[in-house]
Amino acid sequence: MAESRVFSEDVNVDPPSERSVIIFGRDISTIPCFRNSFLYGISIGIGVGFLAFLKTSRPQLSTHIGFGTFMATTLGYWFPCRYNWSKQKFDAAQLQQALQQQAIFEGTDKERELTMKTEQA
């Protein structure tokens, strides 16, 4: 009876390929908020379009309603998400700069001056 052994070097395992979609020369997987915006937009647009079709039995009208809902949901989620992302990025940059300044001034006369000013205020 022949033994059937499989060694790891015998199996040609490819690493998982990075799935990226490039639109207009930009990888959309790197755009913040893109994935969630489109997932919410697609799912809600399909749901509302299907419900509109059940209510009206008019395919063209329900398609228009579904697509309009998709666009409204996608844009309605995209802009607040991007605003919050930009705000967090700006706040993180300010905090990083403040921490760098703190590291530079630590143990100097300038730090003592700054602590005196904050205690007086």
# chains A, B, ... in the order shown; residues from 1 in each chain; ligands from 1
$ select_by_dssp --residues "chain A" --states "helix (DSSP H, G or I)" --output "PyMOL selection string"
chain A and resi 28-30+34-56+59-105+109-120
$ closest_residue --among "A:Ile31, A:Pro80, A:Gly45, A:Gln100" --to "Thr63 in chain A" --atoms "only C-alpha atoms"
A:Gly45
$ residues_around --residues "Phe67 in chain A" --least-positions-apart "3" --cutoff "12 Å" --atoms "only C-alpha atoms" --output "PyMOL selection string"
chain A and resi 41-50+52+60-64+70-74
$ select_by_dssp --residues "chain A" --states "strand (DSSP E or B)" --output "list in words"
Ile22, Ile23, Arg26 and Asp27 of chain A
$ closest_residue --among "A:Leu39, A:Ala103, A:Leu54, A:Leu95" --to "Leu75 in chain A" --atoms "only C-alpha atoms"
A:Leu39
$ decode --residues "range 68-80 of chain A" --atoms "all heavy atoms" --output "tab-separated table (two decimals), in the first residue's frame"
chain	number	residue	atom	x	y	z
A	68	GLY	N	-32.34	56.31	-7.77
A	68	GLY	CA	-32.34	57.59	-7.04
A	68	GLY	C	-32.03	57.39	-5.57
A	68	GLY	O	-31.28	58.17	-4.97
A	69	THR	N	-32.58	56.33	-4.99
A	69	THR	CA	-32.30	56.03	-3.59
A	69	THR	C	-30.84	55.64	-3.41
A	69	THR	O	-30.19	56.02	-2.43
A	69	THR	CB	-33.21	54.89	-3.10
A	69	THR	OG1	-34.56	55.26	-3.34
A	69	THR	CG2	-33.01	54.64	-1.62
A	70	PHE	N	-30.29	54.87	-4.36
A	70	PHE	CA	-28.88	54.51	-4.32
A	70	PHE	C	-28.01	55.76	-4.32
A	70	PHE	O	-27.09	55.89	-3.50
A	70	PHE	CB	-28.52	53.61	-5.51
A	70	PHE	CG	-27.07	53.62	-5.86
A	70	PHE	CD1	-26.15	52.96	-5.06
A	70	PHE	CD2	-26.61	54.28	-6.99
A	70	PHE	CE1	-24.79	52.97	-5.38
A	70	PHE	CE2	-25.28	54.28	-7.31
A	70	PHE	CZ	-24.36	53.63	-6.51
A	71	MET	N	-28.28	56.68	-5.23
A	71	MET	CA	-27.47	57.90	-5.31
A	71	MET	C	-27.60	58.74	-4.05
A	71	MET	O	-26.60	59.22	-3.51
A	71	MET	CB	-27.88	58.72	-6.54
A	71	MET	CG	-27.49	58.09	-7.86
A	71	MET	SD	-25.72	57.83	-8.02
A	71	MET	CE	-25.14	59.51	-8.05
A	72	ALA	N	-28.83	58.91	-3.57
A	72	ALA	CA	-29.05	59.74	-2.38
A	72	ALA	C	-28.36	59.12	-1.16
A	72	ALA	O	-27.74	59.83	-0.36
A	72	ALA	CB	-30.54	59.90	-2.13
A	73	THR	N	-28.48	57.81	-1.01
A	73	THR	CA	-27.86	57.15	0.14
A	73	THR	C	-26.34	57.21	0.05
A	73	THR	O	-25.67	57.49	1.05
A	73	THR	CB	-28.32	55.68	0.22
A	73	THR	OG1	-29.74	55.64	0.25
A	73	THR	CG2	-27.76	55.00	1.45
A	74	THR	N	-25.80	56.94	-1.12
A	74	THR	CA	-24.34	56.95	-1.28
A	74	THR	C	-23.79	58.34	-0.98
A	74	THR	O	-22.83	58.48	-0.21
A	74	THR	CB	-23.95	56.52	-2.70
A	74	THR	OG1	-24.46	55.21	-2.94
A	74	THR	CG2	-22.45	56.52	-2.89
A	75	LEU	N	-24.37	59.35	-1.57
A	75	LEU	CA	-23.88	60.71	-1.34
A	75	LEU	C	-24.18	61.19	0.08
A	75	LEU	O	-23.38	61.91	0.69
A	75	LEU	CB	-24.48	61.67	-2.36
A	75	LEU	CG	-24.03	61.43	-3.80
A	75	LEU	CD1	-24.77	62.36	-4.74
A	75	LEU	CD2	-22.54	61.57	-3.94
A	76	GLY	N	-25.34	60.78	0.60
A	76	GLY	CA	-25.71	61.16	1.96
A	76	GLY	C	-24.80	60.53	3.01
A	76	GLY	O	-24.64	61.08	4.10
A	77	TYR	N	-24.23	59.39	2.71
A	77	TYR	CA	-23.29	58.76	3.64
A	77	TYR	C	-21.86	59.22	3.37
A	77	TYR	O	-21.07	59.36	4.30
A	77	TYR	CB	-23.37	57.24	3.51
A	77	TYR	CG	-22.58	56.50	4.55
A	77	TYR	CD1	-23.09	56.28	5.82
A	77	TYR	CD2	-21.30	56.04	4.27
A	77	TYR	CE1	-22.36	55.62	6.77
A	77	TYR	CE2	-20.55	55.38	5.22
A	77	TYR	CZ	-21.08	55.17	6.47
A	77	TYR	OH	-20.34	54.52	7.42
A	78	TRP	N	-21.54	59.47	2.12
A	78	TRP	CA	-20.17	59.81	1.72
A	78	TRP	C	-19.70	61.13	2.34
A	78	TRP	O	-18.63	61.21	2.93
A	78	TRP	CB	-20.09	59.89	0.20
A	78	TRP	CG	-18.81	60.44	-0.34
A	78	TRP	CD1	-18.51	61.74	-0.62
A	78	TRP	CD2	-17.63	59.70	-0.65
A	78	TRP	NE1	-17.24	61.85	-1.10
A	78	TRP	CE2	-16.67	60.60	-1.12
A	78	TRP	CE3	-17.30	58.35	-0.57
A	78	TRP	CZ2	-15.42	60.21	-1.52
A	78	TRP	CZ3	-16.04	57.96	-0.97
A	78	TRP	CH2	-15.12	58.88	-1.43
A	79	PHE	N	-20.49	62.19	2.19
A	79	PHE	CA	-20.04	63.51	2.62
A	79	PHE	C	-19.84	63.63	4.13
A	79	PHE	O	-18.80	64.13	4.57
A	79	PHE	CB	-20.95	64.61	2.07
A	79	PHE	CG	-20.76	64.82	0.60
A	79	PHE	CD1	-21.74	64.45	-0.30
A	79	PHE	CD2	-19.58	65.34	0.10
A	79	PHE	CE1	-21.56	64.62	-1.67
A	79	PHE	CE2	-19.38	65.53	-1.26
A	79	PHE	CZ	-20.38	65.17	-2.14
A	80	PRO	N	-20.77	63.17	4.97
A	80	PRO	CA	-20.49	63.24	6.41
A	80	PRO	C	-19.31	62.35	6.83
A	80	PRO	O	-18.52	62.73	7.69
A	80	PRO	CB	-21.77	62.74	7.08
A	80	PRO	CG	-22.82	62.90	6.06
A	80	PRO	CD	-22.16	62.77	4.73
